[in-house]
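Report on one structure; see the data block that follows.
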Amino acid sequence: MLVDIGRLKELARIWSDDTALYLGATSSLARIAVDAAIRSNFQALAEAAAAVGNPQVRRAATIGGNVALGSATADLVPALLVLDAQVICHEKLAQNKKAPGRL
Ligand SMILES: Cc1cc2nc3c(=O)[nH]c(=O)nc-3n(C[C@H](O)[C@H](O)[C@H](O)COP(=O)(O)OP(=O)(O)OC[C@H]3O[C@@H](n4cnc5c(N)ncnc54)[C@H](O)[C@@H]3O)c2cc1C
């Protein structure tokens with residue numbers, strides 16, 4: 001079965017509170033590369049997103065896909081590790097927090 005999550009707007013949100021910046025799984029790499037809050041506070045992540053492929057790839061590619069792909073060459077994963085990011089995984093009814101390199 002193929003499930004297209006691309007039109008779930010809630011998953012494309014980028015927001016922050018006093019403690020953290022949150023990136024929805026379908027946030028595109030193109031958006032992450034230019035987001036003002038990310039560029040000023042998490043420059044390594046913005047630069048990693050900007051370095052991926054070409055503009056066409058960055059518009060289509062998502063942070064969730066880059067992490068979930070499990071590729072040793074996924075550019076966002078090292079930046080997320082350096083920034084001590086956590087990935088919130090929803091598995092059936094459970095919600096778990098994991099380091100990006102431990103999915
Ligand atoms: C020409 C070209 C150049 C590229 N260059 C680079 C590069 O320089 N650096 C780089 O890192 N990558 C590169 N890539 C690889 C790719 O574009 C990226 O890794 C991209 O971030 C994948 O994201 P996506 O949303 O397209 O994921 P998809 O390809 O749609 O999905 C990848 C995998 O993750 C799963 N998945 C996707 N989203 C989720 C989710 N929210 N939850 C759970 N599982 C999910 C999918 O089921 C699939 O198994 C390149 C690809 C191409 C075609």
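As shown in the structure tokens, the chain order sets the letters A, B, ...; within each chain, residues go from 1, and ligands are also counted from 1 in the order they appear.
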
All residues 10 Å or closer to region 40-50 of chain A, only C-alpha atoms, same chain fewer than 6 positions away omitted, as an NGL selection string: :A and (21 or 28-34 or 58 or 61-63 or 66 or 74-83)

Within 9 Å of Ala25 (chain A) using only C-alpha atoms, minus same-chain residues under 2 positions, as an MDAnalysis selection string: chainID A and resid 11:13 23 27:28 62:65

Could you save those same residues with C-alpha atoms as a PDB file, in the first residue's frame?
```pdb
ATOM      1  CA  LEU A  11       3.392  17.688   9.176  1.00  0.00           C
ATOM      2  CA  ALA A  12       4.974  20.561   7.226  1.00  0.00           C
ATOM      3  CA  ARG A  13       4.988  23.007  10.153  1.00  0.00           C
ATOM      4  CA  LEU A  23      10.368  20.591  12.296  1.00  0.00           C
ATOM      5  CA  SER A  27       9.236  20.188   5.902  1.00  0.00           C
ATOM      6  CA  SER A  28      11.105  20.521   2.633  1.00  0.00           C
ATOM      7  CA  THR A  62      11.730  16.329   3.154  1.00  0.00           C
ATOM      8  CA  ILE A  63      13.626  16.149   6.418  1.00  0.00           C
ATOM      9  CA  GLY A  64      11.593  13.074   7.361  1.00  0.00           C
ATOM     10  CA  GLY A  65      12.624  11.328   4.154  1.00  0.00           C
TER      11      GLY A  65
END
```

Backbone-only DSSP, strand (DSSP E or B) members of region 4-91 of chain A, as an MDAnalysis selection string: chainID A and resid 14:16 21:23 28 62 87:91

Selected residue of minimal separation from Thr73 (chain A) among A:Val52, A:Leu8, A:Ala99, A:Val3, counting only C-alpha atoms: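 When distances to Thr73 (chain A) are compared using only C-alpha atoms, the smallest one comes from A:Val52.
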
Pick from A:Asp18, A:Pro100, A:Gln86, A:Leu93, whichever lies nearest to Gly70 (chain A) using only C-alpha atoms: A:Pro100

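Counting from CA of Asp17 (chain A), the distance to atom 38 (N, counted along the ligand's line) of ligand 1 is 24.3 Å.
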
Residues flagged alpha helix (DSSP H) by DSSP in chain A, as a PyMOL selection string: chain A and resi 29-34+36-41+43-51+55-60+63-68+76-82

Nearest to ligand 1, chosen from A:Lys98, A:Ile5, A:Asp35, A:Glu10, with only C-alpha atoms and all ligand atoms counted in the distances: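 Nearest to ligand 1: A:Ile5.
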